[in-house]
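Only one structure is covered here, and it is reproduced in the block below.
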Amino acid sequence: MRDAARPELARLAGSGLLRVPVAATFPLAEVADAHRLVEGGHATGKVVLVP
């Protein structure tokens, strides 16, 4: 199913219409805190690690 969705996702991303909710961002040094947030089930979007 994911392979079938890729062309549509690419089209949406290219047109600026793809929205990805970000719950939190963490510096890479705080990866343990990010992992706890995800494991706790409290993230309502993607958790992003910033190098």
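Order determines the names: the first chain of the structure tokens is A, the second B, and so forth; residues in each chain are numbered 1 upward, and ligands are numbered 1 upward as they are shown.
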
Dump as JSON lines the rows for residues of region 13-36 of chain A within 12 Å of region 5-8 of chain A: closest atom pair and distance in Å with one decimal, only C-alpha atoms counted, ordered by chain and rising residue number.
{"residue": "A:Ala13", "atom": "CA", "partner": "A:Glu8", "partner_atom": "CA", "distance": 8.5}
{"residue": "A:Gly14", "atom": "CA", "partner": "A:Glu8", "partner_atom": "CA", "distance": 9.8}
{"residue": "A:Ser15", "atom": "CA", "partner": "A:Glu8", "partner_atom": "CA", "distance": 10.6}
{"residue": "A:Leu17", "atom": "CA", "partner": "A:Glu8", "partner_atom": "CA", "distance": 10.9}
{"residue": "A:Leu18", "atom": "CA", "partner": "A:Glu8", "partner_atom": "CA", "distance": 9.8}

Exercise for review: Looking only at alpha helix (DSSP H) from DSSP on the backbone, list the matching residues of chain A as a ChimeraX atom specification.
Suggested key: /A:2-15,31-39

Limited to N, CA and C atoms, could you put the picked residues into a file as a tab-separated table (two decimals), in the first residue's frame?
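Output contents, as saved in part27.tsv:
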chain	number	residue	atom	x	y	z
A	2	ARG	N	1.97	1.25	0.76
A	2	ARG	CA	2.83	2.44	0.79
A	2	ARG	C	3.40	2.77	-0.58
A	3	ASP	N	3.82	1.74	-1.32
A	3	ASP	CA	4.38	1.98	-2.65
A	3	ASP	C	3.35	2.64	-3.55
A	4	ALA	N	2.10	2.22	-3.43
A	4	ALA	CA	1.04	2.77	-4.27
A	4	ALA	C	0.76	4.23	-3.93
A	5	ALA	N	1.01	4.64	-2.69
A	5	ALA	CA	0.72	6.00	-2.25
A	5	ALA	C	1.84	6.99	-2.61
A	6	ARG	N	3.02	6.49	-2.91
A	6	ARG	CA	4.17	7.38	-3.13
A	6	ARG	C	3.96	8.41	-4.22
A	7	PRO	N	3.44	8.06	-5.39
A	7	PRO	CA	3.27	9.09	-6.43
A	7	PRO	C	2.34	10.23	-5.96
A	8	GLU	N	1.27	9.88	-5.27
A	8	GLU	CA	0.35	10.92	-4.80
A	8	GLU	C	1.01	11.77	-3.72
A	9	LEU	N	1.75	11.15	-2.83
A	9	LEU	CA	2.45	11.92	-1.79
A	9	LEU	C	3.50	12.84	-2.42
A	10	ALA	N	4.20	12.36	-3.41
A	10	ALA	CA	5.19	13.19	-4.10
A	10	ALA	C	4.51	14.37	-4.78
A	11	ARG	N	3.37	14.12	-5.40
A	11	ARG	CA	2.63	15.20	-6.07
A	11	ARG	C	2.20	16.25	-5.05
A	12	LEU	N	1.65	15.79	-3.92
A	12	LEU	CA	1.20	16.73	-2.88
A	12	LEU	C	2.37	17.52	-2.30
A	13	ALA	N	3.48	16.85	-2.07
A	13	ALA	CA	4.66	17.53	-1.53
A	13	ALA	C	5.17	18.56	-2.52
A	14	GLY	N	5.21	18.21	-3.79
A	14	GLY	CA	5.67	19.13	-4.81
A	14	GLY	C	4.80	20.35	-4.97
A	15	SER	N	3.51	20.19	-4.71
A	15	SER	CA	2.59	21.31	-4.85
A	15	SER	C	2.45	22.11	-3.56
A	31	VAL	N	17.88	12.87	22.32
A	31	VAL	CA	17.16	11.77	21.69
A	31	VAL	C	16.41	10.93	22.72
A	32	ALA	N	16.95	10.78	23.92
A	32	ALA	CA	16.27	9.98	24.95
A	32	ALA	C	14.94	10.62	25.33
A	33	ASP	N	14.90	11.95	25.43
A	33	ASP	CA	13.64	12.65	25.75
A	33	ASP	C	12.63	12.47	24.62
A	34	ALA	N	13.10	12.54	23.38
A	34	ALA	CA	12.21	12.34	22.23
A	34	ALA	C	11.65	10.93	22.24
A	35	HIS	N	12.49	9.98	22.54
A	35	HIS	CA	12.05	8.58	22.58
A	35	HIS	C	11.00	8.38	23.68
A	36	ARG	N	11.19	8.99	24.82
A	36	ARG	CA	10.20	8.89	25.90
A	36	ARG	C	8.85	9.47	25.49
A	37	LEU	N	8.89	10.58	24.78
A	37	LEU	CA	7.63	11.20	24.31
A	37	LEU	C	6.89	10.24	23.38
A	38	VAL	N	7.61	9.65	22.44
A	38	VAL	CA	6.98	8.73	21.49
A	38	VAL	C	6.46	7.49	22.20
A	39	GLU	N	7.29	6.91	23.06
A	39	GLU	CA	6.89	5.70	23.78
A	39	GLU	C	5.71	5.95	24.71

Practice item. Please provide the set of residues having any atom within 10 Å of Pro21 (chain A), restricted to only C-alpha atoms, with same-chain residues fewer than 4 positions apart removed, written as a list in words. Key: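 Here the answer would be Thr44, Gly45, Lys46 and Val47 of chain A.
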
Okay, now the selection with C-alpha atoms, as a CSV table (one decimal), in the first residue's frame?
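Listed below is the output, part28.csv:
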chain,number,residue,atom,x,y,z
A,44,THR,CA,0.0,14.0,18.3
A,45,GLY,CA,2.3,14.3,15.3
A,46,LYS,CA,5.8,13.5,14.2
A,47,VAL,CA,8.7,13.9,16.5

Check your understanding: What is the CA of Leu49 (chain A) to CA of Thr25 (chain A) distance in Å?
Key ->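 One can read the CA of Leu49 (chain A) to CA of Thr25 (chain A) distance as 5.8 Å.
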